[in-house]
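Encoded as structure tokens, the structure appears first; notes follow it.
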Amino acid sequence: MSTIRGIEHIGITVPDHDAAVSFLKSAFGAEPMFSQTASNGGPMPAEDVGPMNGLRAGTAMKKVSVLRMKHGPNIEVFEIDRPAGTPATNIADYGISHFSVNVTDVYAAAAAFAEAGGALLSDPYELGGPEEGAGNRGVFGRAPWGLLIEMEQLPAPMHYYPEAEARRWLPGQED
């Protein structure tokens, strides 16, 4: 038996903490819960936290906050003083390429996303395959710092293949 209950939070490194928090609040109604750096007295150097979280030597977490995202995983937003890598990932890159937000109205969510400063990759589209169904739609967009975020509206039930071993969980459903 597993002790896993679900994903508690997703960590995102951004170039500008305050701008990212503002975007997530405007685009998705995210609510700030607490700031790790404020409660710890400022930047957190790798020498202090690196042994616990792998922060690269010689860098520091300038700002770190955790935001509540309704009934899904929380989001931890990091601003690192000397980040590495590229800001705009896609689903062909290793690692976490995006996260998906379950919404009740994909058109309204897409409009709020764009109004908050995000860039939509397309207009909302009908989902296919196992996600096909009346009203099931999705759209991808990029946050102002390049992160790929998907928004999905899923009012119709999933179509499962006979070999499926599990059923999809959505906010508002029991286990």
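Here, A, B, ... name the chains of the structure tokens in the order displayed, residue numbers run from 1 inside each chain, and ligands are numbered from 1 in the same displayed order.
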Discussion item. Quick check for you: according to DSSP on this backbone, which residues of chain A are classed as strand (DSSP E or B)? Reply as a VMD selection string.
Written reply: chain A and resid 9 to 14 31 to 35 44 to 45 60 to 68 74 to 80 98 to 102 119 to 120 125 to 126 137 to 142 148 to 153
Worksheet item: What lies within 7 Å of Asn136 of chain A using only C-alpha atoms, ignoring chain neighbours under 5 positions off, as an MDAnalysis selection string?
Response: chainID A and resid 126:127 131 153:156
Fill in: Residue list (helix (DSSP H, G or I), DSSP) for segment 86-129 of chain A, as a VMD selection string
chain A and resid 106 to 115 129
Could you please take those selected residues and save C-alpha atoms as a PDB file, in the first residue's frame?
```pdb
ATOM      1  CA  VAL A 106     -11.339  27.444 -20.974  1.00  0.00           C
ATOM      2  CA  TYR A 107     -12.246  30.593 -22.939  1.00  0.00           C
ATOM      3  CA  ALA A 108     -12.467  32.718 -19.783  1.00  0.00           C
ATOM      4  CA  ALA A 109      -9.277  31.127 -18.410  1.00  0.00           C
ATOM      5  CA  ALA A 110      -7.431  31.809 -21.681  1.00  0.00           C
ATOM      6  CA  ALA A 111      -8.621  35.427 -21.673  1.00  0.00           C
ATOM      7  CA  ALA A 112      -7.473  35.937 -18.055  1.00  0.00           C
ATOM      8  CA  PHE A 113      -4.143  34.274 -18.876  1.00  0.00           C
ATOM      9  CA  ALA A 114      -3.549  36.615 -21.839  1.00  0.00           C
ATOM     10  CA  GLU A 115      -4.747  39.680 -19.938  1.00  0.00           C
ATOM     11  CA  GLY A 129      -8.444  10.568 -27.909  1.00  0.00           C
TER      12      GLY A 129
END
```
Discussion item. Report, in Å with one decimal, the straight-line distance from atom CA of Gly85 of chain A to atom CA of Asp48 of chain A.
Written reply: 22.5 Å
Worksheet item: If we count only C-alpha atoms, what is near Glu150 of chain A at a cut-off of 6 Å, once residues fewer than 6 positions away on the same chain are taken out, given as a PyMOL selection string?
Response: chain A and resi 100+139-140
Fill in: Contact residues around Gly118 of chain A with only C-alpha atoms at 10 Å, ignoring same-chain residues under 2 positions, as a ChimeraX atom specification
/A:23-24,27,110-116,120-121,141-149
Discussion item. Which residues are close to Asp18 of chain A, i.e. within 10 Å by only C-alpha atoms, leaving aside same-chain residues fewer than 2 positions away? Reply as a list in words.
Written reply: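 Contacts, with the query itself left out: Val14, Pro15, Asp16, Ala20, Val21, Ser22, Phe23, Lys63, Val64, Ser65, Val77, Phe78 and Glu79 of chain A.
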Fill in: Which residue of A:Thr104, A:Pro73, A:Ser122, A:Ser35 approaches Arg5 of chain A most closely, using only C-alpha atoms
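Checking each of A:Thr104, A:Pro73, A:Ser122, A:Ser35 against Arg5 of chain A, counting only C-alpha atoms, the winner is A:Pro73.
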Discussion item. Ranking A:Thr3, A:Thr13, A:Asn53, A:Asn40 by minimum distance to Asp81 of chain A and counting only C-alpha atoms, which one comes first?
Written reply: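 Checking each of A:Thr3, A:Thr13, A:Asn53, A:Asn40 against Asp81 of chain A, counting only C-alpha atoms, the winner is A:Thr13.
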